[in-house]
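Undergrad: Okay, handing you the structure first.
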Amino acid sequence: MLHAGLDPDPDVYQMPHSISAVPATLVRGGTSKCWIFRESDLPQDTGEVERLLIRMFGSPDVRQIDGVGGASSTTSKAIVVDDRGMNVGAVKYRFAQVAIDRPAVEWDSNCGNCATGLGLYALHAGLVEPGEGTTRIPITNTITGLNLTCEVPTPGGLVPAYGDRRLDGQYYPGVPVDIIFEQGSWSTFGVEFPTGNPVDEITVGGATYRVTLIDAGAPAALFDAADFGVSGQEGAGQLQGLVELAPELRAAAAKLMSIPNDLTSIPKVGIVGSPPPGEEGVSARMISMGALHPAIGLTSAVAVAVAAGREGTVVNRYTVKSAETAAGTPMTIHMLKGATGFSLDASMPTQITFQRSARVISEGTVLVPGD
């Protein structure tokens, strides 16, 4: 209802035709927040779903003030769970990256952090029955084909509401969730090295950059930090030039990888370099939707981890391992804020496991105007 005395210009302000009440659950998975919806609560037409999500999140206002988005790439995410004709013990879903500065939704990527949250949500919402001790939850992205397994502790067959696992890049702890990626489905477009090369060269603005183009977890372009005159250990203030160049790098990489070049979510773009002095692993700085990612997207971490185990890649050249490092030993990606660990099943990995955490934050209804 408008306050008394206000007489808005009818050409500027129009009352919405309707308000849609959409059941939703907000989940923190890893270092991202994700709104989770059930397929049965949304329109059947994908275009209508996209319009609903855009208005719900508050885009294209970059502040997303009139919506549930958090005005960052890590908080403008959604999952749509297929709750119709589900197989017992398996969860199928679509992941949506909702653009912030334009009215658009991209479905062609994966988000391992949101998938982490989905694993906990599946138990919390009763989509999967908890087992004794630990429950394994297979989940599948029906658009990209990525198959994952989440492992959640369920002592005594009870679903945990809170936990004590804390991650770098995440201030508060949450329920432990181990998420497992396997080689058989981690390539969105079917080929791990789309060009067939461990290293390619991309020329943008008269400069040439060495890059590993890899499709693992999500398509990614992992550039050699040295070609930008940096080490890969820099803070955000020293990498603004890279952020500004990222759209051109992404478009050029997409062309070489033979994937759509008009998306902002893939290929993931970042630089890699040596770990900090005295440390093992590798350093990485990733860009997400026009800004440096404060940590690293889990699918980007998969790309870095797989490339670390493939001879000749930019990442492999920079990865530092001790003589005692063996298969299954945790390795580290040093990020803008903190570090994240992963375990490889072999020196040439076919399975990668990340230790993450999740928490169900809120469940209720989002009211979406029909304007």
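How things are named: the first chain in the structure tokens is A, the next is B, and so on; residues count from 1 in each chain; ligands count from 1 in the order shown.
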Give me every helix (DSSP H, G or I) residue in stretch 19-225 of chain A, going by DSSP on the backbone, as a PyMOL selection string.
TA: chain A and resi 39-41+46-57+112-124+155-157+183-185+225
Undergrad: Just to be explicit: take each residue in the selection above, keep C-alpha atoms, and write the result as a tab-separated table (two decimals), in the first residue's frame.
TA:
```
chain	number	residue	atom	x	y	z
A	39	GLU	CA	11.08	-28.04	-9.53
A	40	SER	CA	7.44	-28.60	-8.57
A	41	ASP	CA	7.24	-25.08	-7.06
A	46	THR	CA	12.66	-22.33	-18.41
A	47	GLY	CA	12.19	-18.77	-19.67
A	48	GLU	CA	9.58	-18.15	-17.00
A	49	VAL	CA	11.90	-19.62	-14.36
A	50	GLU	CA	14.66	-17.26	-15.50
A	51	ARG	CA	12.39	-14.23	-15.30
A	52	LEU	CA	11.32	-15.31	-11.81
A	53	LEU	CA	14.92	-15.73	-10.62
A	54	ILE	CA	16.02	-12.38	-12.05
A	55	ARG	CA	13.23	-10.53	-10.26
A	56	MET	CA	13.64	-12.61	-7.12
A	57	PHE	CA	17.37	-11.86	-6.86
A	112	GLY	CA	30.82	-27.33	-6.23
A	113	ASN	CA	30.14	-25.12	-3.22
A	114	CYS	CA	26.41	-25.04	-3.96
A	115	ALA	CA	26.52	-28.79	-4.60
A	116	THR	CA	28.02	-29.13	-1.11
A	117	GLY	CA	25.03	-27.27	0.27
A	118	LEU	CA	22.70	-29.43	-1.79
A	119	GLY	CA	24.13	-32.56	-0.17
A	120	LEU	CA	23.16	-31.30	3.29
A	121	TYR	CA	19.82	-29.93	2.02
A	122	ALA	CA	18.87	-33.33	0.58
A	123	LEU	CA	19.09	-34.81	4.07
A	124	HIS	CA	17.53	-31.81	5.78
A	155	PRO	CA	25.69	-40.35	13.64
A	156	GLY	CA	22.87	-42.55	14.87
A	157	GLY	CA	20.97	-41.87	11.65
A	183	GLN	CA	36.95	-38.12	-13.95
A	184	GLY	CA	34.12	-39.90	-15.73
A	185	SER	CA	31.86	-36.83	-15.57
A	225	ALA	CA	51.04	-15.51	-13.62
```
Undergrad: Would you list the contacts of stretch 198-203 of chain A as a ChimeraX atom specification, taking every protein, DNA or RNA residue within 9 Å and counting only C-alpha atoms, but skipping same-chain residues closer than 5 positions in sequence?
TA: /A:193,208-214,249,252-253,256,307,310-314
Undergrad: Print the selection's residues with N, CA and C atoms to a file, as a short mmCIF file (atom, residue, chain, number, x, y, z; two decimals), in the first residue's frame.
TA:
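For reference, out07.cif as written:
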```cif
data_model
loop_
_atom_site.label_atom_id
_atom_site.label_comp_id
_atom_site.auth_asym_id
_atom_site.auth_seq_id
_atom_site.Cartn_x
_atom_site.Cartn_y
_atom_site.Cartn_z
N PHE A 193 41.15 -31.92 -22.18
CA PHE A 193 41.96 -30.89 -22.82
C PHE A 193 41.36 -30.61 -24.20
N THR A 208 51.01 -11.80 -25.52
CA THR A 208 50.76 -13.24 -25.60
C THR A 208 50.92 -13.87 -24.22
N TYR A 209 49.96 -14.72 -23.85
CA TYR A 209 49.93 -15.33 -22.53
C TYR A 209 49.86 -16.85 -22.66
N ARG A 210 50.65 -17.55 -21.87
CA ARG A 210 50.59 -19.01 -21.82
C ARG A 210 49.43 -19.43 -20.91
N VAL A 211 48.72 -20.47 -21.34
CA VAL A 211 47.51 -20.86 -20.63
C VAL A 211 47.27 -22.36 -20.77
N THR A 212 46.78 -22.96 -19.71
CA THR A 212 46.27 -24.33 -19.77
C THR A 212 44.77 -24.25 -19.86
N LEU A 213 44.23 -24.79 -20.95
CA LEU A 213 42.78 -24.81 -21.18
C LEU A 213 42.29 -26.21 -20.83
N ILE A 214 41.53 -26.30 -19.75
CA ILE A 214 41.13 -27.59 -19.21
C ILE A 214 39.65 -27.60 -18.87
N LEU A 249 40.17 -12.24 -22.17
CA LEU A 249 40.84 -13.53 -22.01
C LEU A 249 39.83 -14.67 -22.06
N ALA A 252 38.56 -15.21 -25.69
CA ALA A 252 39.59 -15.84 -26.53
C ALA A 252 39.78 -17.31 -26.15
N ALA A 253 39.74 -17.60 -24.85
CA ALA A 253 39.88 -18.99 -24.40
C ALA A 253 38.69 -19.83 -24.86
N LEU A 256 39.07 -20.91 -28.46
CA LEU A 256 40.02 -22.02 -28.63
C LEU A 256 39.44 -23.33 -28.11
N ALA A 307 44.82 -30.22 -13.24
CA ALA A 307 45.95 -29.74 -14.02
C ALA A 307 47.27 -29.92 -13.27
N ARG A 310 48.71 -33.23 -14.20
CA ARG A 310 48.90 -33.52 -15.63
C ARG A 310 50.21 -32.90 -16.10
N GLU A 311 51.12 -33.72 -16.59
CA GLU A 311 52.44 -33.26 -17.00
C GLU A 311 52.36 -32.16 -18.06
N GLY A 312 53.21 -31.15 -17.88
CA GLY A 312 53.35 -30.12 -18.90
C GLY A 312 52.42 -28.95 -18.77
N THR A 313 51.42 -29.01 -17.88
CA THR A 313 50.49 -27.89 -17.74
C THR A 313 51.16 -26.74 -16.99
N VAL A 314 50.59 -25.56 -17.13
CA VAL A 314 51.09 -24.41 -16.38
C VAL A 314 51.05 -24.69 -14.88
#
```
Undergrad: Identify, on the basis of only C-alpha atoms, every residue whose closest approach to stretch 94-108 of chain A does not exceed 7 Å; exclude the query and any residue fewer than 3 positions from it along the same chain; express the result as a ChimeraX atom specification.
TA: /A:50,54,59-62,71,76-81,141-144
Undergrad: With distances taken over only C-alpha atoms, which residue among A:Gln240, A:Ala301, A:Leu222, A:Thr319 lies nearest A:Gly270?
TA: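 Distance minimum relative to A:Gly270 lands on A:Leu222.
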Undergrad: Using only C-alpha atoms, which of the listed residues (A:Pro267, A:His334, A:Val91, A:Thr140) sits closest to A:Gly126?
TA: A:Val91
Undergrad: Could you state the separation of atom CA of A:Glu234 and atom CA of A:Lys337 in Å, given to one decimal place?
TA: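 Computing the Euclidean distance for atom CA of A:Glu234 and atom CA of A:Lys337 yields 10.6 Å.
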Undergrad: Which neighbours of A:Ala251 fall inside 12 Å, counting only C-alpha atoms, when residues of the same chain fewer than 6 positions from it are skipped, and could you give them as a PyMOL selection string?
TA: chain A and resi 202-204+220-221+245+257-269
Undergrad: Would you mind listing what lies within 8 Å of A:Thr134 as a ChimeraX atom specification, with only C-alpha atoms counted and same-chain residues fewer than 3 positions away left out?
TA: /A:130-131,151-155
Undergrad: Using only C-alpha atoms, find the one residue out of A:Phe37, A:Phe223, A:Phe181, A:Phe189 that sits nearest to A:Cys150.
TA: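 Of the candidates, the smallest distance to A:Cys150 is held by A:Phe181.
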